[in-house]
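data.cif follows; it contains mmCIF, C-alpha atoms.
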data_query
#
loop_
_atom_site.group_PDB
_atom_site.id
_atom_site.type_symbol
_atom_site.label_atom_id
_atom_site.label_comp_id
_atom_site.auth_asym_id
_atom_site.auth_seq_id
_atom_site.Cartn_x
_atom_site.Cartn_y
_atom_site.Cartn_z
ATOM 1 C CA MET A 8 71.511 -93.172 67.591
ATOM 2 C CA PRO A 9 74.573 -93.000 69.908
ATOM 3 C CA ARG A 10 77.528 -90.894 68.841
ATOM 4 C CA VAL A 11 80.795 -92.485 67.873
ATOM 5 C CA ASP A 12 84.000 -91.120 69.436
ATOM 6 C CA GLY A 13 85.186 -88.115 67.463
ATOM 7 C CA GLU A 14 81.768 -87.183 66.129
ATOM 8 C CA ASP A 15 80.448 -83.703 66.723
ATOM 9 C CA ASP A 16 78.547 -82.982 69.890
ATOM 10 C CA THR A 17 75.187 -81.225 69.845
ATOM 11 C CA GLU A 18 76.747 -77.803 69.084
ATOM 12 C CA GLY A 19 78.828 -78.991 66.151
ATOM 13 C CA VAL A 20 82.085 -78.942 68.096
ATOM 14 C CA PRO A 21 84.250 -82.021 67.685
ATOM 15 C CA ARG A 22 84.322 -84.049 70.875
ATOM 16 C CA ARG A 23 88.119 -83.907 71.014
ATOM 17 C CA ILE A 24 88.224 -80.094 71.087
ATOM 18 C CA SER A 25 85.414 -80.020 73.637
ATOM 19 C CA GLU A 26 87.408 -82.352 75.882
ATOM 20 C CA LEU A 27 90.570 -80.286 75.374
ATOM 21 C CA TYR A 28 88.669 -77.138 76.287
ATOM 22 C CA GLN A 29 87.183 -78.630 79.425
ATOM 23 C CA ALA A 30 90.529 -80.018 80.538
ATOM 24 C CA HIS A 31 92.842 -77.136 79.616
ATOM 25 C CA ALA A 32 91.029 -73.809 79.080
ATOM 26 C CA ARG A 33 91.851 -72.490 82.536
ATOM 27 C CA ALA A 34 95.490 -73.583 82.395
ATOM 28 C CA VAL A 35 95.956 -71.958 78.984
ATOM 29 C CA ALA A 36 94.422 -68.689 80.186
ATOM 30 C CA VAL A 37 96.468 -68.691 83.396
ATOM 31 C CA ARG A 38 99.710 -69.343 81.527
ATOM 32 C CA LEU A 39 98.965 -66.589 79.025
ATOM 33 C CA ARG A 40 98.125 -64.207 81.888
ATOM 34 C CA ARG A 41 101.410 -64.930 83.579
ATOM 35 C CA MET A 42 103.366 -64.570 80.361
ATOM 36 C CA SER A 43 101.633 -61.427 79.125
ATOM 37 C CA GLY A 44 100.858 -59.649 82.373
ATOM 38 C CA ASP A 45 97.451 -58.722 80.931
ATOM 39 C CA ALA A 46 94.351 -60.632 82.032
ATOM 40 C CA GLU A 47 92.099 -59.330 79.251
ATOM 41 C CA LEU A 48 94.669 -60.114 76.558
ATOM 42 C CA ALA A 49 95.155 -63.575 78.075
ATOM 43 C CA ARG A 50 91.419 -64.322 77.889
ATOM 44 C CA ASP A 51 91.277 -63.152 74.265
ATOM 45 C CA LEU A 52 94.328 -65.166 73.251
ATOM 46 C CA ALA A 53 93.086 -68.272 75.072
ATOM 47 C CA GLN A 54 89.818 -68.041 73.189
ATOM 48 C CA ASP A 55 91.726 -67.557 69.917
ATOM 49 C CA ALA A 56 93.881 -70.591 70.722
ATOM 50 C CA PHE A 57 90.805 -72.801 70.931
ATOM 51 C CA VAL A 58 89.446 -71.383 67.685
ATOM 52 C CA VAL A 59 92.735 -72.261 65.969
ATOM 53 C CA ALA A 60 92.763 -75.666 67.653
ATOM 54 C CA MET A 61 89.225 -76.365 66.507
ATOM 55 C CA ARG A 62 90.181 -75.557 62.913
ATOM 56 C CA ARG A 63 93.266 -77.743 63.145
ATOM 57 C CA ILE A 64 92.018 -80.501 65.459
ATOM 58 C CA ASP A 65 92.936 -83.163 62.901
ATOM 59 C CA GLU A 66 96.585 -82.071 63.277
ATOM 60 C CA ALA A 67 96.609 -82.560 67.063
ATOM 61 C CA PRO A 68 99.299 -85.105 67.921
ATOM 62 C CA ASP A 69 99.020 -87.884 70.443
ATOM 63 C CA ASP A 70 102.730 -87.604 71.263
ATOM 64 C CA PRO A 71 103.489 -85.081 72.642
ATOM 65 C CA PRO A 72 100.088 -84.933 74.307
ATOM 66 C CA PRO A 73 97.487 -82.651 72.705
ATOM 67 C CA ALA A 74 97.760 -80.308 75.701
ATOM 68 C CA ALA A 75 101.333 -79.440 74.715
ATOM 69 C CA TRP A 76 100.133 -78.773 71.161
ATOM 70 C CA LEU A 77 97.391 -76.512 72.514
ATOM 71 C CA HIS A 78 99.796 -74.566 74.741
ATOM 72 C CA ALA A 79 102.146 -74.139 71.778
ATOM 73 C CA ILE A 80 99.283 -72.664 69.741
ATOM 74 C CA ALA A 81 98.518 -70.251 72.579
ATOM 75 C CA TYR A 82 102.167 -69.258 72.945
ATOM 76 C CA ASN A 83 102.493 -68.657 69.202
ATOM 77 C CA LEU A 84 99.452 -66.384 69.321
ATOM 78 C CA LEU A 85 101.077 -64.439 72.169
ATOM 79 C CA ARG A 86 104.290 -64.104 70.159
ATOM 80 C CA ASP A 87 102.321 -62.904 67.137
ATOM 81 C CA HIS A 88 100.536 -60.352 69.318
ATOM 82 C CA ARG A 89 103.846 -59.087 70.700
ATOM 83 C CA ARG A 90 105.353 -58.734 67.220
ATOM 84 C CA SER A 91 102.285 -56.878 66.022
ATOM 85 C CA SER A 92 102.406 -54.573 69.053
ATOM 86 C CA GLN A 93 106.089 -53.878 68.471
ATOM 87 C CA ARG A 94 105.383 -52.951 64.851
ATOM 88 C CA ARG A 95 102.581 -50.590 65.928
ATOM 89 C CA ARG A 96 104.818 -48.949 68.546
ATOM 90 C CA ALA A 97 107.624 -48.554 66.007
ATOM 91 C CA LEU A 98 105.240 -46.981 63.501
ATOM 92 C CA LEU A 99 103.877 -44.596 66.121
ATOM 93 C CA ALA A 100 107.426 -43.645 67.143
ATOM 94 C CA ARG A 101 108.316 -42.902 63.506
ATOM 95 C CA LEU A 102 105.200 -40.784 63.112
ATOM 96 C CA LEU A 103 105.955 -38.899 66.293
ATOM 97 C CA ARG A 104 109.548 -38.256 65.231
ATOM 98 C CA ARG A 105 108.323 -36.863 61.920
ATOM 99 C CA GLY A 106 105.996 -34.534 63.732
ATOM 100 C CA THR A 107 102.878 -35.888 62.034
ATOM 101 C CA LYS A 108 101.322 -36.731 65.335
ATOM 102 C CA GLN A 109 101.595 -35.160 68.779
ATOM 103 C CA ALA A 110 101.219 -37.089 71.968
ATOM 104 C CA ALA A 111 101.036 -35.944 75.522
ATOM 105 C CA LEU A 112 101.986 -38.273 78.305
ATOM 106 C CA VAL A 113 99.644 -37.705 81.176
ATOM 107 C CA GLY A 114 100.215 -39.400 84.481
ATOM 108 C CA GLU A 115 99.769 -38.919 88.163
ATOM 109 C CA GLY A 116 103.290 -39.946 89.064
ATOM 110 C CA PRO A 117 104.588 -43.337 90.038
ATOM 111 C CA SER A 118 102.154 -45.581 91.789
ATOM 112 C CA THR A 119 103.083 -47.858 94.611
ATOM 113 C CA PRO A 120 101.855 -51.405 94.143
ATOM 114 C CA SER A 121 100.091 -52.607 97.253
ATOM 115 C CA SER A 122 99.227 -56.255 96.851
ATOM 116 C CA LEU A 123 101.724 -59.049 96.354
ATOM 117 C CA GLY A 124 100.221 -59.718 92.921
ATOM 118 C CA GLU A 125 100.745 -56.106 91.886
ATOM 119 C CA ARG A 126 104.320 -56.176 93.176
ATOM 120 C CA ILE A 127 105.038 -59.366 91.238
ATOM 121 C CA ASP A 128 103.527 -57.782 88.113
ATOM 122 C CA GLN A 129 105.776 -54.748 88.651
ATOM 123 C CA ALA A 130 108.822 -56.999 88.976
ATOM 124 C CA LEU A 131 107.882 -59.006 85.887
ATOM 125 C CA GLY A 132 107.344 -55.738 84.042
ATOM 126 C CA ARG A 133 111.096 -55.167 84.218
ATOM 127 C CA LEU A 134 111.754 -58.254 82.108
ATOM 128 C CA ASP A 135 111.826 -58.380 78.340
ATOM 129 C CA ASP A 136 109.388 -60.814 76.722
ATOM 130 C CA ASP A 137 111.935 -63.631 76.346
ATOM 131 C CA GLN A 138 113.049 -63.362 79.975
ATOM 132 C CA ARG A 139 109.483 -63.186 81.214
ATOM 133 C CA ASP A 140 108.469 -66.280 79.234
ATOM 134 C CA ALA A 141 111.415 -68.303 80.530
ATOM 135 C CA PHE A 142 110.888 -67.096 84.111
ATOM 136 C CA VAL A 143 107.162 -67.863 84.139
ATOM 137 C CA LEU A 144 107.542 -71.310 82.614
ATOM 138 C CA ARG A 145 110.472 -72.319 84.821
ATOM 139 C CA MET A 146 109.980 -70.544 88.142
ATOM 140 C CA VAL A 147 106.229 -70.049 88.311
ATOM 141 C CA GLU A 148 104.868 -73.068 86.449
ATOM 142 C CA GLY A 149 107.738 -75.421 87.268
ATOM 143 C CA LEU A 150 108.362 -76.736 83.762
ATOM 144 C CA SER A 151 111.644 -78.532 83.188
ATOM 145 C CA LEU A 152 114.268 -76.835 81.054
ATOM 146 C CA GLN A 153 113.476 -79.251 78.229
ATOM 147 C CA GLU A 154 109.716 -78.645 78.440
ATOM 148 C CA ALA A 155 110.176 -74.879 78.468
ATOM 149 C CA ALA A 156 112.653 -75.019 75.575
ATOM 150 C CA THR A 157 110.265 -77.128 73.518
ATOM 151 C CA LEU A 158 107.348 -74.793 74.170
ATOM 152 C CA LEU A 159 109.413 -71.672 73.443
ATOM 153 C CA GLY A 160 111.072 -73.188 70.377
ATOM 154 C CA THR A 161 114.603 -72.600 71.619
ATOM 155 C CA THR A 162 117.465 -74.451 73.290
ATOM 156 C CA VAL A 163 117.727 -75.609 76.871
ATOM 157 C CA GLN A 164 120.784 -73.395 77.328
ATOM 158 C CA THR A 165 118.910 -70.328 76.110
ATOM 159 C CA VAL A 166 115.995 -70.967 78.463
ATOM 160 C CA SER A 167 118.396 -71.520 81.343
ATOM 161 C CA HIS A 168 120.232 -68.261 80.647
ATOM 162 C CA ARG A 169 117.015 -66.239 80.244
ATOM 163 C CA ALA A 170 115.451 -67.683 83.394
ATOM 164 C CA LYS A 171 118.580 -67.018 85.486
ATOM 165 C CA ARG A 172 118.826 -63.438 84.209
ATOM 166 C CA ALA A 173 115.135 -62.903 84.873
ATOM 167 C CA GLU A 174 115.504 -64.264 88.395
ATOM 168 C CA GLN A 175 118.328 -61.788 89.052
ATOM 169 C CA ILE A 176 116.182 -58.894 87.822
ATOM 170 C CA VAL A 177 113.153 -59.955 89.862
ATOM 171 C CA ARG A 178 115.291 -60.502 92.956
ATOM 172 C CA GLY A 179 116.817 -57.047 92.411
ATOM 173 C CA TYR A 180 113.364 -55.489 92.270
ATOM 174 C CA PHE A 181 112.378 -56.949 95.627
ATOM 175 C CA GLU A 182 115.734 -56.053 97.180
ATOM 176 C CA GLU A 183 115.266 -52.430 96.024
ATOM 177 C CA GLU A 184 111.737 -52.473 97.384
ATOM 178 C CA HIS A 185 112.982 -53.511 100.795
ATOM 179 C CA GLY A 186 116.047 -51.289 100.783
ATOM 180 C CA ALA A 187 118.455 -54.237 100.897
#
What do you get writing this file as structure tokens?
Amino acid sequence: MPRVDGEDDTEGVPRRISELYQAHARAVAVRLRRMSGDAELARDLAQDAFVVAMRRIDEAPDDPPPAAWLHAIAYNLLRDHRRSSQRRRALLARLLRRGTKQAALVGEGPSTPSSLGERIDQALGRLDDDQRDAFVLRMVEGLSLQEAATLLGTTVQTVSHRAKRAEQIVRGYFEEEHGA
């Protein structure tokens, strides 16, 4: 018997989520990579985003398009990860200050990034999370101010300010690198 639109495919995955995955999995992972600076984290969060989307597929809107809904899920997972990481770092710092834990920082000195990708990652590493998000969405992915503001859950003015500040910082990094 032929399947009706919306019925599960052979693996029990609703057709709509399967189509979303096929159409947007790479874009979600790439965006998360750019925003987080961590390829492994981006892959994990992208996978988590589709798990959440599968559970909530009945909530997927038609307007805005489901892709925007999916990217918002992914971004919210990234924000949750950042908050969790900040809490862990704060806890570790408190423990270290109290002397209940010792830590040794071991390094081989500053490394010099060689590839363009590494240099861009170094420049983006100078940005705080909000600046990095605005910069990536505006300057790298080319979203409009309104699109970026909607995705980030903030105002157009805030995105504009963060993106401009981020651009100044990134430009400064490359000027320093070239001795300008």
- Item | Å distance separating atom CA of Asp128 of chain A from atom CA of Val147 of chain A, one decimal place |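 That distance, rounded to one decimal, is 12.6 Å.
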- Item | 9 Å contact set for Asp136 of chain A, all atoms listed in the file, chain neighbours under 2 positions out, as a list in words | Met42, Ser43, Arg86, Arg89, Leu134, Gln138, Arg139, Asp140 and Ala141 of chain A
As lines of an AutoDock Vina configuration file, what would the box around segment 59-72 of chain A look like: edges along x, y and z, 5 Å added on every side, centre and edge lengths in Å to one decimal?
center_x = 96.4
center_y = -80.1
center_z = 68.6
size_x = 24.3
size_y = 25.6
size_z = 21.4
- Do a neighbour search on segment 67-74 of chain A at 9 Å with only C-alpha atoms, toss out local chain neighbours closer than 6 positions, and write the hits as number ranges by chain. A: 27, 30-31, 60
- Message: Take the PyMOL selection byres ((chain A and resi 145) around 12), run it mentally on this structure, and tell me the resulting residues as a VMD selection string.
- Response: chain A and resid 38 41 to 42 138 to 144 146 to 156 158 to 159 163 166 to 171 173 to 174
- Message: My list of candidates is A:Ala75, A:Met61, A:Ala81, A:Ile176. Which is closest to Ala36 of chain A when distances are computed with all atoms listed in the file?
- Response: A:Ala81
- In Å and to one decimal, atom CA of Phe181 of chain A is distant from atom CA of Leu39 of chain A by 23.4 Å
- Note on the structure: Computed gap from atom CA of Ser92 of chain A to atom CA of Leu48 of chain A is 12.1 Å
